[in-house]
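Chemist: Here's a structure for you.
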Amino acid sequence: MNHSFTILLILLFVIFTGCKKDSNPTSASNDSPTFNYAGKIYNTMKIGNQTWLKENLNVGTMIRGDQNQTNNGTIEKYCYDNDTANCSKYGGLYQWDEAMQYSTNPGVQGICPEGWHIPSYDEFQTLAKSVNGDGNSLKAIGEGYSDGAGTNTTGFGALLAGSRQSGGYFEDLHYYPFFWSTTTSSTSDAVYFYIPYENNYTGGWNTYSKDYGISVRCVKN
């Protein structure tokens, strides 16, 4: 009986200490989990108190730049220069309404995965403050020039993906990464976040017509 009781105590101790360790994983905040969304693997990382996707969204069916994306039940995207290889490298480009899935609510999921949402401009500003305004730390290595060369020390990996202009043509590839926010400045314009290619800063407040097609980067709820 004493021998059996001793074994029981040892088993209970192992179970208890194992459960206690699992309930508070010290390395959880340093993990970089991945998940599949619409057939593509996305990686995540934490910057300050926010968790971001490491990649621009590349979800939907490509349409040509001379067409407008419409509320037709299918997510549509532009690929720079109408080349699908550019979507594979830089992600899709989306008009604001398409990205928001025709909602105007701040914090809406839009085309982001479940549990994620399109950031407000304030959330982008929080990101900029978390890196002390160091734009190079947010740019992928090989992106940017001279004083604006990316170091990607945060893992954010911003690519200078350019934009689809409201006239249907493309420009600014290798010059700017633009990201939609849910913040609007008027019924026709929305606020975007950008990182300049030529210096080590994060972009300030600026707007585009909602007809422009630019990148989408999601933040976790």
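Naming scheme: A, B, ... for chains in displayed order of the structure tokens; residues 1 onward per chain; ligands 1 onward as shown.
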Please provide as a PDB file with C-alpha atoms, in the first residue's frame all residues within 10 Å of Pro33 in chain A, with the sequence filter that same-chain residues fewer than 4 positions apart are discarded (counting only C-alpha atoms).

Modeler:
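Writing the result to result.pdb gives the following:
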ATOM      1  CA  ALA A  28       3.884  32.003 -26.616  1.00  0.00           C
ATOM      2  CA  TYR A  42       0.296  33.365 -44.068  1.00  0.00           C
ATOM      3  CA  ASN A  43       2.753  34.038 -41.262  1.00  0.00           C
ATOM      4  CA  THR A  44       2.161  36.259 -38.245  1.00  0.00           C
ATOM      5  CA  MET A  45       4.337  38.277 -35.910  1.00  0.00           C
TER       6      MET A  45
END

Chemist: Find the residues near Gln165 in chain A: any atom within 12 Å, counting only C-alpha atoms, skip ones fewer than 2 places away on the same chain, and give them as a PDB file with C-alpha atoms, in the first residue's frame.

Modeler:
ATOM      1  CA  GLY A  65      -6.746  47.319 -64.071  1.00  0.00           C
ATOM      2  CA  ASP A  66      -9.133  49.079 -66.451  1.00  0.00           C
ATOM      3  CA  GLN A  67     -12.112  47.505 -64.656  1.00  0.00           C
ATOM      4  CA  ASN A  68     -13.625  48.455 -61.305  1.00  0.00           C
ATOM      5  CA  TYR A  78      -5.645  43.682 -59.266  1.00  0.00           C
ATOM      6  CA  TYR A  80       0.391  45.029 -60.874  1.00  0.00           C
ATOM      7  CA  ASP A  81       0.622  45.405 -64.656  1.00  0.00           C
ATOM      8  CA  LEU A  93      -4.247  45.419 -54.933  1.00  0.00           C
ATOM      9  CA  TYR A  94      -7.765  46.313 -53.811  1.00  0.00           C
ATOM     10  CA  GLN A  95     -10.127  49.230 -54.071  1.00  0.00           C
ATOM     11  CA  GLY A 162       2.843  50.261 -55.824  1.00  0.00           C
ATOM     12  CA  SER A 163      -0.766  50.985 -56.744  1.00  0.00           C
ATOM     13  CA  GLY A 167      -7.572  55.783 -64.270  1.00  0.00           C
ATOM     14  CA  GLY A 168      -6.885  52.056 -64.511  1.00  0.00           C
ATOM     15  CA  TYR A 169      -3.092  52.165 -64.876  1.00  0.00           C
ATOM     16  CA  PHE A 170      -0.373  51.089 -62.437  1.00  0.00           C
ATOM     17  CA  GLU A 171       2.489  53.023 -60.874  1.00  0.00           C
ATOM     18  CA  ASP A 172       4.918  53.316 -57.929  1.00  0.00           C
ATOM     19  CA  LEU A 173       6.162  49.701 -57.940  1.00  0.00           C
ATOM     20  CA  TYR A 208      -6.475  58.263 -51.796  1.00  0.00           C
ATOM     21  CA  SER A 209      -9.677  58.053 -53.754  1.00  0.00           C
ATOM     22  CA  LYS A 210     -11.411  54.821 -52.813  1.00  0.00           C
ATOM     23  CA  ASP A 211     -11.136  53.885 -56.506  1.00  0.00           C
ATOM     24  CA  TYR A 212      -7.375  53.394 -56.156  1.00  0.00           C
ATOM     25  CA  GLY A 213      -6.141  49.837 -55.725  1.00  0.00           C
ATOM     26  CA  ILE A 214      -3.517  49.336 -53.010  1.00  0.00           C
TER      27      ILE A 214
END

Chemist: Considering only alpha helix (DSSP H) as DSSP defines it on the backbone, what residues of range 84-183 of chain A qualify? List them as a list in words.

Modeler: Thr84, Ala85, Asn86, Cys87, Ser88, Lys89, Tyr90, Trp96, Asp97, Glu98, Ala99, Tyr121, Asp122, Glu123, Phe124, Gln125, Thr126, Leu127, Ala128, Lys129 and Ser130 of chain A

Chemist: I'd like to know which residues of range 2-214 of chain A are strand (DSSP E) (by DSSP, run on the backbone); could you write them as an NGL selection string?

Modeler: :A and (34-37 or 40-47 or 50-53 or 61-62 or 76-77 or 116-117 or 161-164 or 170-173 or 178-184 or 189-194 or 206-209)

Chemist: Using only C-alpha atoms, can you tell me which of A:Asn36, A:Thr154, A:Asn199, A:Asn71 comes closest to Lys54 in chain A?

Modeler: A:Thr154

Chemist: Mind checking which residues fall within 7 Å of Tyr201 in chain A, counting only C-alpha atoms, ignoring those fewer than 2 positions away in the same chain, and posting them as a list in words?

Modeler: Gly133, Asp134, Gly135, Ile195, Pro196, Asn199 and Gly203 of chain A

Chemist: With C-alpha atoms retained, could you export that selection as a CSV table (one decimal), in the first residue's frame?

Modeler:
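Result file part_24.csv:
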chain,number,residue,atom,x,y,z
A,133,GLY,CA,9.2,55.8,-36.4
A,134,ASP,CA,11.8,53.5,-37.9
A,135,GLY,CA,10.4,52.8,-41.3
A,195,ILE,CA,6.4,53.9,-45.9
A,196,PRO,CA,8.7,56.1,-48.1
A,199,ASN,CA,14.3,57.6,-46.0
A,203,GLY,CA,4.5,57.8,-43.7

Chemist: From the list A:Glu114, A:Glu98, A:Glu198, A:Glu76, which residue is nearest Asp147 in chain A when using only C-alpha atoms?

Modeler: A:Glu198

Chemist: Could you tell me how far CA of Trp96 in chain A lies from CA of Thr126 in chain A, in Å and to one decimal?

Modeler: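 Calculated distance between CA of Trp96 in chain A and CA of Thr126 in chain A is 21.3 Å.
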
Chemist: Given the choices A:Thr207, A:Asp189, A:Val219, A:Asn82, which gets closest to Thr104 in chain A if the distance is worked out from only C-alpha atoms?

Modeler: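 Of the candidates, the smallest distance to Thr104 in chain A is held by A:Asp189.
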
Chemist: Choose the residue, out of A:Ser181, A:Thr51, A:Gln109, A:Ser186, that has the smallest atom-to-atom separation from Gln125 in chain A; count only C-alpha atoms.

Modeler: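 For Gln125 in chain A, the nearest of the candidates is A:Ser181.
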
Chemist: Hey, what's within 8 Å of Gln50 in chain A if we count only C-alpha atoms and toss same-chain stuff fewer than 3 positions away? As JSON, numbers by chain, please?

Modeler: {"A": [46, 47, 127, 219, 220]}

Chemist: Would you save the residues of that selection, restricted to N, CA and C atoms, as a PDB file, in the first residue's frame?

Modeler:
ATOM      1  N   LYS A  46       4.384  39.517 -33.856  1.00  0.00           N
ATOM      2  CA  LYS A  46       3.920  40.498 -32.877  1.00  0.00           C
ATOM      3  C   LYS A  46       4.881  41.677 -32.845  1.00  0.00           C
ATOM      4  N   ILE A  47       4.324  42.872 -32.927  1.00  0.00           N
ATOM      5  CA  ILE A  47       5.088  44.109 -32.790  1.00  0.00           C
ATOM      6  C   ILE A  47       4.410  44.937 -31.713  1.00  0.00           C
ATOM      7  N   LEU A 127       1.450  51.134 -34.639  1.00  0.00           N
ATOM      8  CA  LEU A 127       2.554  50.369 -35.214  1.00  0.00           C
ATOM      9  C   LEU A 127       3.784  51.253 -35.380  1.00  0.00           C
ATOM     10  N   VAL A 219      -4.536  43.065 -39.248  1.00  0.00           N
ATOM     11  CA  VAL A 219      -4.117  43.029 -37.856  1.00  0.00           C
ATOM     12  C   VAL A 219      -5.097  42.150 -37.081  1.00  0.00           C
ATOM     13  N   LYS A 220      -4.606  41.470 -36.084  1.00  0.00           N
ATOM     14  CA  LYS A 220      -5.438  40.528 -35.342  1.00  0.00           C
ATOM     15  C   LYS A 220      -6.395  41.253 -34.409  1.00  0.00           C
TER      16      LYS A 220
END

Chemist: To one decimal place in Å, what is the distance between CA of Thr182 in chain A and CA of Phe156 in chain A?

Modeler: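 Calculated distance between CA of Thr182 in chain A and CA of Phe156 in chain A is 19.6 Å.
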
Chemist: Just checking: using only C-alpha atoms, which residue out of A:Ser215, A:Asn221, A:Ser166, A:Ser120 ends up closest to Tyr90 in chain A?

Modeler: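 Closest to Tyr90 in chain A, using only C-alpha atoms: A:Ser215.
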
Chemist: With distances taken over only C-alpha atoms, which of A:Asn206, A:Asn72, A:Thr151, A:Asn56 is nearest to Tyr192 in chain A?

Modeler: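 Ranked by minimum distance to Tyr192 in chain A, first place goes to A:Asn206.
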
Chemist: Can you measure CA of Arg217 in chain A to CA of Arg64 in chain A for me? One decimal in Å is fine.

Modeler: 21.6 Å

Chemist: I'd like the neighbourhood of Asn200 in chain A as a ChimeraX atom specification, where a residue qualifies if any of its atoms comes within 10 Å (using only C-alpha atoms), though same-chain residues fewer than 6 positions away should be ignored.

Modeler: /A:133-139,144-150
